[in-house]
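Shown next: my_file28.txt, given as compact mmCIF, C-alpha atoms.
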# COMPACT_ATOMS: atom_id res chain seq x y z
CA MET T 1 34.18 18.34 5.47
CA LYS T 2 32.77 15.63 3.20
CA ASN T 3 29.22 15.52 1.85
CA ALA T 4 27.37 12.27 2.52
CA ARG T 5 24.07 10.90 1.26
CA VAL T 6 22.35 7.92 2.84
CA PHE T 7 19.57 6.01 1.10
CA PHE T 8 16.98 4.34 3.29
CA THR T 9 13.73 2.40 3.10
CA LYS T 10 10.55 3.31 4.93
CA ASP T 11 7.69 0.85 5.37
CA GLY T 12 5.42 -0.86 7.86
CA ALA T 13 4.08 1.40 10.61
CA CYS T 14 6.80 3.95 9.81
CA LYS T 15 5.07 4.95 6.56
CA TYR T 16 2.58 6.78 8.80
CA ILE T 17 5.36 8.90 10.32
CA SER T 18 5.18 12.44 8.93
CA HIS T 19 8.13 14.08 7.20
CA LEU T 20 8.75 16.27 10.26
CA ASP T 21 8.78 13.24 12.56
CA THR T 22 11.05 11.36 10.14
CA ASN T 23 13.45 14.29 10.45
CA ARG T 24 13.34 13.97 14.24
CA VAL T 25 13.87 10.20 14.13
CA MET T 26 16.94 10.63 11.93
CA LEU T 27 18.39 13.38 14.13
CA ARG T 28 18.04 11.14 17.20
CA ALA T 29 19.67 8.22 15.35
CA ILE T 30 22.58 10.42 14.29
CA GLY T 31 23.03 11.60 17.88
CA LYS T 32 22.89 8.07 19.32
CA SER T 33 25.27 6.71 16.68
CA ARG T 34 27.76 9.48 17.53
CA LEU T 35 28.34 10.35 13.88
CA ASP T 36 30.56 13.42 13.71
CA ILE T 37 28.53 15.64 11.39
CA TRP T 38 28.35 19.38 10.81
CA HIS T 39 26.02 21.39 13.05
CA THR T 40 24.39 24.72 12.37
CA GLU T 41 26.05 27.75 13.93
CA GLY T 42 24.38 30.23 16.23
CA PHE T 43 22.61 30.10 19.58
CA HIS T 44 20.58 26.91 18.96
CA GLN T 45 23.09 24.62 17.26
CA HIS T 46 21.78 21.36 15.83
CA ALA T 47 22.82 18.64 13.41
CA TYR T 48 21.98 19.77 9.87
CA ILE T 49 20.30 17.23 7.58
CA THR T 50 18.24 17.63 4.41
CA PHE T 51 15.92 15.34 2.45
CA ALA T 52 15.84 15.45 -1.35
CA LEU T 53 12.14 14.70 -1.89
CA PRO T 54 9.84 14.46 1.16
CA LEU T 55 7.56 11.42 1.10
CA SER T 56 3.76 11.71 1.34
CA LEU T 57 2.19 10.41 4.55
CA GLY T 58 1.04 6.80 4.21
CA PHE T 59 3.50 5.99 1.39
CA ALA T 60 6.18 3.34 1.75
CA SER T 61 9.48 3.81 -0.07
CA THR T 62 12.59 1.91 -1.13
CA CYS T 63 14.55 4.99 -2.26
CA GLU T 64 14.49 7.78 0.35
CA SER T 65 17.61 9.88 0.82
CA MET T 66 19.11 12.15 3.46
CA ASP T 67 22.14 14.45 3.14
CA PHE T 68 24.59 15.71 5.76
CA ARG T 69 28.23 16.76 6.05
CA LEU T 70 30.85 14.64 7.78
CA LEU T 71 33.50 16.63 9.63
CA ASP T 72 36.10 13.90 9.09
CA ASP T 73 37.25 13.79 5.45
CA ASP T 74 38.58 10.27 6.05
CA ALA T 75 35.38 8.89 7.59
CA ASP T 76 34.47 5.35 6.52
CA MET T 77 31.10 5.75 4.77
CA SER T 78 30.63 2.00 4.43
CA ALA T 79 30.23 1.74 8.23
CA ILE T 80 27.53 4.42 8.45
CA PRO T 81 24.50 2.24 7.50
CA ASP T 82 25.15 -0.23 10.33
CA ARG T 83 25.79 2.57 12.84
CA LEU T 84 22.51 4.29 11.99
CA ASN T 85 20.45 1.10 11.72
CA ALA T 86 21.44 0.16 15.27
CA CYS T 87 19.66 3.33 16.40
CA LEU T 88 16.62 3.36 14.08
CA PRO T 89 13.15 1.85 14.65
CA ALA T 90 11.88 -1.14 12.68
CA GLY T 91 10.47 0.16 9.41
CA ILE T 92 13.34 2.51 8.60
CA ARG T 93 16.56 0.96 7.31
CA VAL T 94 19.62 2.66 5.80
CA ILE T 95 20.82 0.67 2.78
CA SER T 96 23.82 2.68 1.56
CA CYS T 97 25.95 5.76 2.10
CA ALA T 98 28.13 7.57 -0.45
CA GLU T 99 29.08 11.02 -1.65
CA PRO T 100 26.20 12.64 -3.60
CA LYS T 101 26.34 12.51 -7.39
CA TYR T 102 23.34 14.75 -8.14
CA LYS T 103 21.73 17.75 -6.47
CA PRO T 104 18.09 17.64 -5.27
CA ALA T 105 17.35 20.32 -7.90
CA ASP T 106 18.21 17.71 -10.57
CA ILE T 107 15.21 15.55 -9.60
CA ASP T 108 12.57 15.43 -12.33
CA SER T 109 10.35 12.35 -11.79
CA ALA T 110 9.60 9.37 -9.57
CA SER T 111 8.22 5.85 -9.98
CA TYR T 112 5.53 4.35 -7.77
CA GLU T 113 3.94 0.96 -7.28
CA ALA T 114 0.29 0.89 -6.25
CA VAL T 115 -1.44 -2.31 -5.16
CA ILE T 116 -5.14 -1.52 -5.64
CA GLU T 117 -8.04 -3.33 -3.98
CA PRO T 118 -11.78 -2.59 -3.73
CA MET T 119 -13.08 -1.86 -0.24
CA ASP T 120 -16.13 -4.02 -1.06
CA ASN T 121 -15.27 -7.19 -3.02
CA ASP T 122 -18.95 -7.92 -3.61
CA ARG T 123 -19.34 -4.84 -5.81
CA ILE T 124 -16.40 -5.45 -8.13
CA SER T 125 -13.98 -8.36 -8.62
CA LEU T 126 -10.23 -7.96 -9.02
CA LYS T 127 -10.53 -9.04 -12.67
CA GLU T 128 -13.15 -6.35 -13.30
CA LEU T 129 -10.99 -3.84 -11.47
CA TYR T 130 -8.03 -4.70 -13.71
CA ASN T 131 -10.12 -4.28 -16.87
CA LYS T 132 -11.54 -0.96 -15.68
CA LEU T 133 -8.04 0.31 -14.82
CA ASP T 134 -6.92 -0.49 -18.34
CA GLN T 135 -9.94 1.39 -19.77
CA PHE T 136 -9.37 4.30 -17.38
CA LEU T 137 -5.72 4.78 -18.36
CA GLU T 138 -6.52 4.49 -22.08
CA GLN T 139 -8.66 7.63 -21.91
CA SER T 140 -7.36 10.72 -23.73
CA GLU T 141 -8.20 12.88 -20.71
CA ILE T 142 -8.21 12.30 -16.95
CA ILE T 143 -9.40 15.56 -15.43
CA VAL T 144 -8.74 16.10 -11.70
CA GLU T 145 -8.63 19.04 -9.31
CA LYS T 146 -5.15 19.80 -7.99
CA LYS T 147 -4.29 22.06 -5.07
CA THR T 148 -1.67 24.73 -5.80
CA LYS T 149 -0.21 27.64 -3.83
CA LYS T 150 -2.70 29.90 -5.61
CA GLY T 151 -5.71 27.67 -4.94
CA LYS T 152 -7.26 24.81 -6.88
CA LYS T 153 -7.17 24.19 -10.60
CA GLN T 154 -8.23 21.45 -12.99
CA ILE T 155 -5.52 19.53 -14.82
CA ASN T 156 -5.45 16.68 -17.31
CA LEU T 157 -3.49 13.98 -15.48
CA LYS T 158 -3.03 12.00 -18.68
CA GLU T 159 -0.58 14.67 -19.89
CA TYR T 160 1.65 14.07 -16.86
CA ILE T 161 1.86 10.27 -16.93
CA ILE T 162 5.39 9.57 -18.16
CA ASP T 163 5.03 5.80 -18.20
CA TYR T 164 2.83 3.09 -16.71
CA SER T 165 2.15 -0.63 -16.73
CA ILE T 166 -0.53 -2.83 -15.14
CA ASP T 167 -0.06 -6.31 -13.70
CA PHE T 168 -2.73 -8.70 -12.50
CA SER T 169 -2.05 -11.97 -10.75
CA GLU T 170 -3.23 -12.19 -7.15
CA THR T 171 -3.56 -8.39 -6.97
CA VAL T 172 -4.03 -5.43 -9.30
CA ARG T 173 -0.69 -3.67 -9.46
CA LEU T 174 -0.04 -0.33 -11.18
CA ILE T 175 3.52 0.78 -11.93
CA LEU T 176 3.53 4.51 -12.56
CA ARG T 177 6.07 7.23 -13.31
CA LEU T 178 5.08 10.86 -12.67
CA PRO T 179 6.76 14.28 -12.48
CA ALA T 180 8.38 14.97 -9.11
CA GLY T 181 10.77 17.57 -7.83
CA PRO T 182 11.12 21.24 -6.87
CA THR T 183 9.14 22.66 -9.81
CA LEU T 184 6.35 20.12 -10.41
CA ASN T 185 5.11 17.29 -8.25
CA ILE T 186 2.15 15.05 -9.13
CA ASN T 187 0.90 12.87 -6.28
CA PRO T 188 -0.25 9.43 -7.55
CA SER T 189 -3.11 9.57 -5.04
CA LEU T 190 -4.78 12.02 -7.46
CA LEU T 191 -4.88 9.27 -10.07
CA ILE T 192 -6.18 6.64 -7.64
CA GLY T 193 -8.93 9.02 -6.50
CA ALA T 194 -9.95 9.70 -10.10
CA PHE T 195 -9.96 5.95 -10.82
CA ALA T 196 -12.22 5.31 -7.81
CA ASP T 197 -14.68 7.87 -9.19
CA PHE T 198 -14.46 6.20 -12.60
CA CYS T 199 -15.32 2.80 -11.06
CA GLY T 200 -17.95 4.16 -8.71
CA VAL T 201 -16.48 2.17 -5.79
CA GLU T 202 -14.23 2.88 -2.81
CA LEU T 203 -10.65 1.73 -3.34
CA HIS T 204 -7.65 1.09 -1.14
CA ALA T 205 -4.15 1.49 -2.57
CA ASP T 206 -0.86 0.53 -0.92
CA MET T 207 1.59 3.05 -2.38
CA THR T 208 5.36 2.59 -2.58
CA ARG T 209 7.85 4.99 -4.12
CA THR T 210 10.38 2.78 -5.90
CA ALA T 211 12.76 5.13 -7.74
CA ILE T 212 13.67 8.79 -8.23
CA TYR T 213 15.07 10.10 -11.52
CA THR T 214 16.96 13.15 -12.76
CA LYS T 215 16.11 15.30 -15.79
CA GLU T 216 18.47 13.11 -17.85
CA GLY T 217 16.58 9.97 -16.82
CA ALA T 218 19.33 8.67 -14.52
CA GLN T 219 18.50 7.28 -11.10
CA PHE T 220 19.10 9.85 -8.38
CA GLU T 221 22.34 9.09 -6.52

Representation of the structure as structure tokens:
Amino acid sequence: MKNARVFFTKDGACKYISHLDTNRVMLRAIGKSRLDIWHTEGFHQHAYITFALPLSLGFASTCESMDFRLLDDDADMSAIPDRLNACLPAGIRVISCAEPKYKPADIDSASYEAVIEPMDNDRISLKELYNKLDQFLEQSEIIVEKKTKKGKKQINLKEYIIDYSIDFSETVRLILRLPAGPTLNINPSLLIGAFADFCGVELHADMTRTAIYTKEGAQFE
């Protein structure tokens, strides 16, 4: 058997498909494409696939990944994207397939792009929003309430921001890198919610996960 990892994008209406439903969509595509992959053993056998870092509902992504095992050691991985894409809905597209280089446990952080807009343009302009975002991120503390397995606790988000940049042209765009992975995961929606409270206005943010990194800072492959 040969391990395979496909990278795919998820956007449009498909960003509102839950992780569980994404799993089902991929299983159907694998079945329709007739990829010869390893199945679980036992009474209810099924194709076995895993996802390195499940995506939050409502987020788009350009860097999602799915792992499975090919039964044929000589299988042509370069043909797999086209075979799967022929069976996938618009909004999910496989962009590459190769043998995995890193394990999901190696994941340490992720980058996101947030396009932020006020729900009421009369209350705050985009220029004002940009200036307030700059002030907000320059604070020494950004205290938010985070849900954990043991309940809720307050954390200083500023301590977890690995890197960020702000761009303003036609929109206010925040590029953000935060911890992500099996041990610690910070959802960027926490930051957007805290920023909305800071501004005193309702905000809408289109969120896209753009990259996933290992502990060494390499892109997850």

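Between CA of Ala29 in chain T and CA of Ile107 in chain T lies a distance of 26.4 Å.
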
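Interatomic distance, CA of Ile142 in chain T against CA of Pro54 in chain T: 25.7 Å.
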
Using only C-alpha atoms, which residues of range 97-188 of chain T come within 8 Å of range 3-9 of chain T, and what is the closest atom pair for each, with the distance in Å to one decimal? Give it as JSON lines, sorted by chain and residue number.
{"residue": "T:Cys97", "atom": "CA", "partner": "T:Val6", "partner_atom": "CA", "distance": 4.3}
{"residue": "T:Ala98", "atom": "CA", "partner": "T:Arg5", "partner_atom": "CA", "distance": 5.5}
{"residue": "T:Glu99", "atom": "CA", "partner": "T:Ala4", "partner_atom": "CA", "distance": 4.7}
{"residue": "T:Pro100", "atom": "CA", "partner": "T:Arg5", "partner_atom": "CA", "distance": 5.6}

- Near Thr208 in chain T, within 8 Å and counting all atoms listed in the file, which residues show up once chain neighbours fewer than 2 positions away are dropped, as JSON, numbers by chain? {"T": [59, 60, 61, 62, 112, 113, 114, 206, 210]}

- Nearest to Lys147 in chain T: which of T:Lys103, T:Glu128, T:Leu190, T:Asp122 is it, counting all atoms listed in the file?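 So, comparing all the options, the nearest one is T:Leu190.
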
- Message: Can you pull out the residues contacting range 30-46 of chain T? Cut-off 10 Å, using all atoms listed in the file, and skip same-chain residues under 3 positions away; I want them as a VMD selection string.
- Response: chain T and resid 1 to 4 24 to 27 49 68 to 72 75 80 82 to 88

- Quick one: distance from CA of Arg123 in chain T to CA of Glu202 in chain T in Å, one decimal?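 Answer for the CA of Arg123 in chain T to CA of Glu202 in chain T separation: 9.7 Å.
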
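You can rank T:Leu184, T:Ala205, T:Gly193, T:Ile124 by their closest distance to Ala105 in chain T using all atoms listed in the file, and at the top of that list sits T:Leu184.
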